[in-house]
Amino acid sequence: AELQIAEAVALVNTLQNWTVLDKIIIPTKNPDKKFIFGKGNFQVLTEKIKKMPHVTAVFLNVERISSLTKKELEDAWGVKVFDRYTIVLHIFRCNARTKEAKLQIALAEIPLLRSNLKNEVSQLDQQRGGSRYIMGSGETFMETQNRILKEKELKIRSALEKLRRKRSLLRTQRRKREFPIISVMGYTNCGKTTLIKALTGEAGLQPRDQLFATLDITAHAGYLPSHMAVIYVDTIGFLTDLPHNLVESFSATLEEVAYSDLIVHVRDITHPETVLQKATVLSVLKNLNLPRHLLDSMVEVHNKVDLIEGYKPTEENALAISALHGRGLDELKEEMEKKILTATGKKILTLNINLEGPQLSWLYKEATVQEIEVMPEDGTARVKVIIGNSAFGRYKNLFPNSKIFM
């Protein structure tokens, strides 16, 4: 409970101009019940709120409360009442940058608008004794509003589908160029963006120490020790009990992960609930129906080890790093390269080429050239390259006389 309340406070602190004035741990009944607390606890809470004139809202750290409960509590306390769903949705709303993230949020808002509508209609009915038909249209107010919401939902889904098709096209182009893709995943605020910044040296990346700082999937180019170019994909962070509709809305964004060549799972090893956080991430990944080989080859990274003296991972194959201070990054890059070569079927070859021909410039364009050893006496060179299967096939067709050393 202590850690749950710490996470709830962190969620509120993520929002600009929101401040936690007080917090309390109280047992709750089933959130679907009209009253979420027992009478005694409800009384304690009501008195506490009434004594604090600066309170403008109450956040109940439960996934969802019914519109009826929300109305009852707001009437009793005279302030706005939020549940986990509305708070997380609001954080998403503040952090959305791209068109796609904004559409995903609009889609996740629909269930909220529906339950608010029920609330409004029941209030209207109490005030005027039964719902009225609108201007002789044969539709009640409720039916009209529901129809408008349904139309809005269909529009959003179709816009998202268009974006998905566009992304699929981009993916095909990326495949043609044979850039390996590494998806960096983990619990929210575990240091994914900091790690990508350290691996790519991309100065424009500004990691923020808050929950859900990254909402959109972003791609960043980097190099592995052999100079092989790779694309690192920064993904949305996970959260325990992330409301179901939100996961559904963002699963399209997470679809990208299924097309990666490797997943790197980053853990904040200093967090007291790091084991639970790992379980949360793994359960979401399993629900994404990812290919088996992706889950099996995943690299687990224990981040922020600079904060724990003499830290050694107990999990087999886990790598200890500090993304902030660059500790352990060389070992991580080597491990990623090993896994990428296995996953993509790329080969490391030495080719004997004629320097007067077009081979060298072709290799620079289509493969990763690592080393060149020139033999000036006969105008040839030995070139060590990393090359994908299809590029290797094209090379053999174009230059059948070239000597190849495995």
# chains A, B, ... in the order shown; residues from 1 in each chain; ligands from 1
$ residues_around --residues "range 151-154 of chain A" --least-positions-apart "4" --cutoff "8 Å" --atoms "only C-alpha atoms" --output "PyMOL selection string"
chain A and resi 107+110+147+158
$ residues_around --residues "Thr46 in chain A" --least-positions-apart "2" --cutoff "12 Å" --atoms "only C-alpha atoms" --output "PyMOL selection string"
chain A and resi 37+39-44+48-52+55+58+73-79
$ write_last_selection --atoms "N, CA and C atoms" --output "PDB file, in the first residue's frame"
ATOM      1  N   PHE A  37     -16.227   3.090   0.031  1.00  0.00           N
ATOM      2  CA  PHE A  37     -15.696   2.920   1.403  1.00  0.00           C
ATOM      3  C   PHE A  37     -16.818   2.486   2.340  1.00  0.00           C
ATOM      4  N   LYS A  39     -18.891   3.035   5.923  1.00  0.00           N
ATOM      5  CA  LYS A  39     -19.444   4.295   6.464  1.00  0.00           C
ATOM      6  C   LYS A  39     -18.441   5.052   7.332  1.00  0.00           C
ATOM      7  N   GLY A  40     -17.746   4.322   8.209  1.00  0.00           N
ATOM      8  CA  GLY A  40     -16.791   4.965   9.130  1.00  0.00           C
ATOM      9  C   GLY A  40     -15.675   5.669   8.380  1.00  0.00           C
ATOM     10  N   ASN A  41     -15.081   4.954   7.400  1.00  0.00           N
ATOM     11  CA  ASN A  41     -13.986   5.531   6.604  1.00  0.00           C
ATOM     12  C   ASN A  41     -14.462   6.712   5.770  1.00  0.00           C
ATOM     13  N   PHE A  42     -15.687   6.600   5.263  1.00  0.00           N
ATOM     14  CA  PHE A  42     -16.251   7.687   4.464  1.00  0.00           C
ATOM     15  C   PHE A  42     -16.374   8.948   5.326  1.00  0.00           C
ATOM     16  N   GLN A  43     -16.801   8.738   6.567  1.00  0.00           N
ATOM     17  CA  GLN A  43     -16.946   9.854   7.517  1.00  0.00           C
ATOM     18  C   GLN A  43     -15.592  10.509   7.793  1.00  0.00           C
ATOM     19  N   VAL A  44     -14.583   9.671   8.039  1.00  0.00           N
ATOM     20  CA  VAL A  44     -13.222  10.164   8.319  1.00  0.00           C
ATOM     21  C   VAL A  44     -12.726  11.021   7.150  1.00  0.00           C
ATOM     22  N   LYS A  48     -11.946  15.091   6.978  1.00  0.00           N
ATOM     23  CA  LYS A  48     -10.582  15.488   6.598  1.00  0.00           C
ATOM     24  C   LYS A  48     -10.622  16.521   5.466  1.00  0.00           C
ATOM     25  N   ILE A  49     -11.450  16.258   4.458  1.00  0.00           N
ATOM     26  CA  ILE A  49     -11.539  17.144   3.280  1.00  0.00           C
ATOM     27  C   ILE A  49     -12.148  18.491   3.674  1.00  0.00           C
ATOM     28  N   LYS A  50     -13.164  18.428   4.513  1.00  0.00           N
ATOM     29  CA  LYS A  50     -13.855  19.679   4.921  1.00  0.00           C
ATOM     30  C   LYS A  50     -12.902  20.604   5.695  1.00  0.00           C
ATOM     31  N   LYS A  51     -11.925  20.000   6.393  1.00  0.00           N
ATOM     32  CA  LYS A  51     -10.982  20.812   7.194  1.00  0.00           C
ATOM     33  C   LYS A  51      -9.882  21.431   6.335  1.00  0.00           C
ATOM     34  N   MET A  52      -9.828  21.059   5.056  1.00  0.00           N
ATOM     35  CA  MET A  52      -8.750  21.546   4.179  1.00  0.00           C
ATOM     36  C   MET A  52      -9.331  22.408   3.062  1.00  0.00           C
ATOM     37  N   VAL A  55      -8.057  22.238  -0.769  1.00  0.00           N
ATOM     38  CA  VAL A  55      -8.225  21.058  -1.628  1.00  0.00           C
ATOM     39  C   VAL A  55      -9.200  21.382  -2.768  1.00  0.00           C
ATOM     40  N   VAL A  58      -9.919  15.293  -5.318  1.00  0.00           N
ATOM     41  CA  VAL A  58      -9.489  14.088  -4.599  1.00  0.00           C
ATOM     42  C   VAL A  58      -9.195  13.013  -5.637  1.00  0.00           C
ATOM     43  N   LEU A  73     -19.794  11.093  -4.446  1.00  0.00           N
ATOM     44  CA  LEU A  73     -18.629  11.592  -3.707  1.00  0.00           C
ATOM     45  C   LEU A  73     -18.435  13.091  -3.944  1.00  0.00           C
ATOM     46  N   GLU A  74     -18.607  13.531  -5.188  1.00  0.00           N
ATOM     47  CA  GLU A  74     -18.438  14.959  -5.493  1.00  0.00           C
ATOM     48  C   GLU A  74     -19.491  15.797  -4.776  1.00  0.00           C
ATOM     49  N   ASP A  75     -20.713  15.269  -4.687  1.00  0.00           N
ATOM     50  CA  ASP A  75     -21.780  15.987  -3.955  1.00  0.00           C
ATOM     51  C   ASP A  75     -21.448  16.086  -2.473  1.00  0.00           C
ATOM     52  N   ALA A  76     -20.912  14.971  -1.914  1.00  0.00           N
ATOM     53  CA  ALA A  76     -20.616  14.935  -0.481  1.00  0.00           C
ATOM     54  C   ALA A  76     -19.420  15.816  -0.119  1.00  0.00           C
ATOM     55  N   TRP A  77     -18.405  15.848  -1.011  1.00  0.00           N
ATOM     56  CA  TRP A  77     -17.167  16.559  -0.670  1.00  0.00           C
ATOM     57  C   TRP A  77     -17.059  17.955  -1.280  1.00  0.00           C
ATOM     58  N   GLY A  78     -17.876  18.209  -2.288  1.00  0.00           N
ATOM     59  CA  GLY A  78     -17.868  19.542  -2.922  1.00  0.00           C
ATOM     60  C   GLY A  78     -16.632  19.821  -3.759  1.00  0.00           C
ATOM     61  N   VAL A  79     -15.894  18.756  -4.162  1.00  0.00           N
ATOM     62  CA  VAL A  79     -14.724  18.935  -5.040  1.00  0.00           C
ATOM     63  C   VAL A  79     -14.753  17.852  -6.123  1.00  0.00           C
TER      64      VAL A  79
END
$ residues_around --residues "Gln16 in chain A" --least-positions-apart "3" --cutoff "12 Å" --atoms "only C-alpha atoms" --output "ChimeraX atom specification"
/A:10-13,19-20,90-91,94-95,210
$ write_last_selection --atoms "all heavy atoms" --output "compact mmCIF listing (two decimals), in the first residue's frame"
# COMPACT_ATOMS: atom_id res chain seq x y z
N ALA A 10 3.45 10.17 -7.41
CA ALA A 10 4.30 10.42 -8.59
C ALA A 10 3.45 10.75 -9.82
O ALA A 10 3.81 11.61 -10.62
CB ALA A 10 5.18 9.21 -8.86
N LEU A 11 2.31 10.08 -9.94
CA LEU A 11 1.40 10.37 -11.07
C LEU A 11 0.91 11.81 -11.01
O LEU A 11 0.93 12.54 -12.00
CB LEU A 11 0.20 9.41 -11.06
CG LEU A 11 0.43 7.99 -11.57
CD1 LEU A 11 -0.76 7.11 -11.26
CD2 LEU A 11 0.70 7.98 -13.07
N VAL A 12 0.48 12.25 -9.82
CA VAL A 12 -0.04 13.62 -9.67
C VAL A 12 1.09 14.64 -9.90
O VAL A 12 0.90 15.66 -10.57
CB VAL A 12 -0.70 13.82 -8.28
CG1 VAL A 12 -1.11 15.27 -8.08
CG2 VAL A 12 -1.93 12.92 -8.16
N ASN A 13 2.27 14.33 -9.36
CA ASN A 13 3.40 15.28 -9.52
C ASN A 13 3.85 15.44 -10.97
O ASN A 13 4.53 16.40 -11.32
CB ASN A 13 4.59 14.83 -8.66
CG ASN A 13 4.32 15.06 -7.19
OD1 ASN A 13 3.45 15.86 -6.83
ND2 ASN A 13 5.05 14.38 -6.33
N THR A 19 -0.56 19.67 -7.12
CA THR A 19 0.24 19.42 -5.91
C THR A 19 -0.54 18.53 -4.96
O THR A 19 -1.74 18.72 -4.76
CB THR A 19 0.52 20.76 -5.17
OG1 THR A 19 0.93 21.72 -6.14
CG2 THR A 19 1.57 20.60 -4.12
N VAL A 20 0.15 17.57 -4.36
CA VAL A 20 -0.49 16.71 -3.36
C VAL A 20 -0.42 17.40 -2.00
O VAL A 20 0.67 17.72 -1.52
CB VAL A 20 0.21 15.32 -3.30
CG1 VAL A 20 -0.42 14.46 -2.20
CG2 VAL A 20 0.11 14.63 -4.64
N HIS A 90 -5.22 11.99 -18.40
CA HIS A 90 -4.86 13.41 -18.41
C HIS A 90 -3.34 13.59 -18.62
O HIS A 90 -2.91 14.49 -19.36
CB HIS A 90 -5.31 14.10 -17.12
CG HIS A 90 -5.21 15.59 -17.19
ND1 HIS A 90 -5.75 16.31 -18.23
CD2 HIS A 90 -4.60 16.50 -16.39
CE1 HIS A 90 -5.49 17.61 -18.05
NE2 HIS A 90 -4.79 17.74 -16.94
N ILE A 91 -2.54 12.72 -18.01
CA ILE A 91 -1.09 12.77 -18.21
C ILE A 91 -0.78 12.51 -19.69
O ILE A 91 0.02 13.20 -20.31
CB ILE A 91 -0.36 11.72 -17.33
CG1 ILE A 91 -0.52 12.07 -15.85
CG2 ILE A 91 1.12 11.64 -17.69
CD1 ILE A 91 -0.05 10.99 -14.90
N CYS A 94 -1.54 15.53 -21.78
CA CYS A 94 -0.52 16.58 -21.66
C CYS A 94 0.76 16.23 -22.40
O CYS A 94 1.51 17.12 -22.81
CB CYS A 94 -0.18 16.84 -20.19
SG CYS A 94 -1.57 17.47 -19.26
N ASN A 95 1.05 14.93 -22.55
CA ASN A 95 2.33 14.51 -23.14
C ASN A 95 2.26 14.14 -24.62
O ASN A 95 3.28 13.89 -25.23
CB ASN A 95 2.91 13.32 -22.37
CG ASN A 95 3.55 13.75 -21.07
OD1 ASN A 95 3.70 14.94 -20.82
ND2 ASN A 95 3.93 12.79 -20.24
N GLN A 210 10.02 11.74 -15.02
CA GLN A 210 8.60 11.69 -14.66
C GLN A 210 7.94 10.52 -15.37
O GLN A 210 8.49 9.95 -16.31
CB GLN A 210 7.91 13.00 -15.03
CG GLN A 210 8.09 13.42 -16.46
CD GLN A 210 7.25 14.64 -16.83
OE1 GLN A 210 6.61 14.63 -17.85
NE2 GLN A 210 7.25 15.66 -16.03
$ residues_around --residues "range 228-232 of chain A" --least-positions-apart "6" --cutoff "12 Å" --atoms "only C-alpha atoms" --output "VMD selection string"
chain A and resid 171 174 to 175 177 to 185 192 to 193 195 to 202 217 to 222 256 to 257 259 to 264 333 to 334 336 to 338 340 to 341 344 346 to 348 364 366 to 370 385 to 388
$ residues_around --residues "Leu112 in chain A" --least-positions-apart "2" --cutoff "12 Å" --atoms "only C-alpha atoms" --output "number ranges by chain"
A: 64-67, 70, 82-83, 85-87, 89-90, 105-110, 114-119, 149, 243, 245-246
$ write_last_selection --atoms "N, CA, C and O atoms" --output "compact mmCIF listing (two decimals), in the first residue's frame"
# COMPACT_ATOMS: atom_id res chain seq x y z
N ARG A 64 -11.07 2.28 -11.88
CA ARG A 64 -12.21 3.07 -12.36
C ARG A 64 -13.26 3.14 -11.27
O ARG A 64 -13.48 2.18 -10.55
N ILE A 65 -13.93 4.29 -11.14
CA ILE A 65 -15.12 4.35 -10.28
C ILE A 65 -16.31 4.64 -11.18
O ILE A 65 -16.17 5.31 -12.20
N SER A 66 -17.46 4.13 -10.80
CA SER A 66 -18.64 4.32 -11.65
C SER A 66 -19.07 5.79 -11.62
O SER A 66 -18.74 6.53 -10.68
N SER A 67 -19.81 6.20 -12.64
CA SER A 67 -20.26 7.60 -12.71
C SER A 67 -21.17 7.93 -11.52
O SER A 67 -21.17 9.05 -11.01
N LYS A 70 -18.91 8.52 -8.48
CA LYS A 70 -18.23 9.80 -8.68
C LYS A 70 -19.17 10.95 -8.30
O LYS A 70 -18.79 11.87 -7.57
N PHE A 82 -11.25 12.17 -8.97
CA PHE A 82 -10.61 11.48 -10.10
C PHE A 82 -10.24 10.05 -9.72
O PHE A 82 -9.89 9.80 -8.57
N ASP A 83 -10.29 9.14 -10.69
CA ASP A 83 -9.76 7.79 -10.48
C ASP A 83 -8.48 7.65 -11.31
O ASP A 83 -8.07 8.58 -12.00
N TYR A 85 -7.84 6.01 -13.98
CA TYR A 85 -8.07 6.12 -15.43
C TYR A 85 -8.04 7.58 -15.88
O TYR A 85 -7.35 7.93 -16.84
N THR A 86 -8.77 8.45 -15.15
CA THR A 86 -8.82 9.86 -15.58
C THR A 86 -7.47 10.55 -15.40
O THR A 86 -7.08 11.37 -16.21
N ILE A 87 -6.75 10.20 -14.32
CA ILE A 87 -5.44 10.84 -14.08
C ILE A 87 -4.44 10.42 -15.17
O ILE A 87 -3.77 11.25 -15.76
N LEU A 89 -5.06 9.23 -18.10
CA LEU A 89 -5.51 9.79 -19.38
C LEU A 89 -5.10 11.26 -19.51
O LEU A 89 -4.67 11.72 -20.56
N HIS A 90 -5.22 11.99 -18.40
CA HIS A 90 -4.86 13.41 -18.41
C HIS A 90 -3.34 13.59 -18.62
O HIS A 90 -2.91 14.49 -19.36
N ILE A 105 -5.56 8.88 -27.63
CA ILE A 105 -6.14 9.43 -26.40
C ILE A 105 -7.62 9.73 -26.61
O ILE A 105 -8.46 9.43 -25.76
N ALA A 106 -7.95 10.30 -27.77
CA ALA A 106 -9.35 10.61 -28.07
C ALA A 106 -10.18 9.32 -28.04
O ALA A 106 -11.31 9.31 -27.55
N LEU A 107 -9.58 8.21 -28.51
CA LEU A 107 -10.28 6.93 -28.50
C LEU A 107 -10.48 6.43 -27.06
O LEU A 107 -11.54 5.94 -26.70
N ALA A 108 -9.44 6.60 -26.24
CA ALA A 108 -9.52 6.15 -24.83
C ALA A 108 -10.51 7.00 -24.03
O ALA A 108 -10.98 6.59 -22.98
N GLU A 109 -10.81 8.21 -24.52
CA GLU A 109 -11.74 9.10 -23.81
C GLU A 109 -13.20 8.73 -24.01
O GLU A 109 -14.05 9.10 -23.22
N ILE A 110 -13.47 8.00 -25.09
CA ILE A 110 -14.87 7.69 -25.44
C ILE A 110 -15.62 7.00 -24.27
O ILE A 110 -16.70 7.44 -23.90
N ARG A 114 -18.97 8.41 -22.37
CA ARG A 114 -20.23 7.65 -22.27
C ARG A 114 -20.74 7.60 -20.83
O ARG A 114 -21.92 7.78 -20.58
N SER A 115 -19.81 7.35 -19.88
CA SER A 115 -20.29 7.26 -18.48
C SER A 115 -20.69 8.63 -17.96
O SER A 115 -21.62 8.76 -17.18
N ASN A 116 -20.01 9.70 -18.41
CA ASN A 116 -20.42 11.06 -18.02
C ASN A 116 -21.79 11.40 -18.56
O ASN A 116 -22.58 12.08 -17.92
N LEU A 117 -22.07 10.88 -19.76
CA LEU A 117 -23.36 11.14 -20.40
C LEU A 117 -24.49 10.54 -19.58
O LEU A 117 -25.51 11.17 -19.33
N LYS A 118 -24.29 9.29 -19.10
CA LYS A 118 -25.30 8.63 -18.25
C LYS A 118 -25.60 9.50 -17.04
O LYS A 118 -26.75 9.68 -16.63
N ASN A 119 -24.51 10.03 -16.46
CA ASN A 119 -24.62 10.90 -15.29
C ASN A 119 -25.48 12.12 -15.57
O ASN A 119 -26.40 12.45 -14.83
N LEU A 149 -21.40 10.04 -30.30
CA LEU A 149 -20.18 9.41 -29.78
C LEU A 149 -19.74 8.23 -30.66
O LEU A 149 -18.56 8.04 -30.91
N PRO A 243 -5.09 1.16 -16.92
CA PRO A 243 -6.47 0.85 -17.29
C PRO A 243 -6.59 0.20 -18.67
O PRO A 243 -5.91 0.57 -19.62
N ASN A 245 -8.71 0.07 -21.17
CA ASN A 245 -8.98 0.81 -22.41
C ASN A 245 -7.73 1.52 -22.93
O ASN A 245 -7.56 1.68 -24.13
N LEU A 246 -6.90 1.97 -21.99
CA LEU A 246 -5.69 2.68 -22.40
C LEU A 246 -4.71 1.72 -23.06
O LEU A 246 -4.10 2.04 -24.07
$ residues_around --residues "His302 in chain A" --least-positions-apart "3" --cutoff "6 Å" --atoms "only C-alpha atoms" --output "MDAnalysis selection string"
chainID A and resid 267 269 319:321
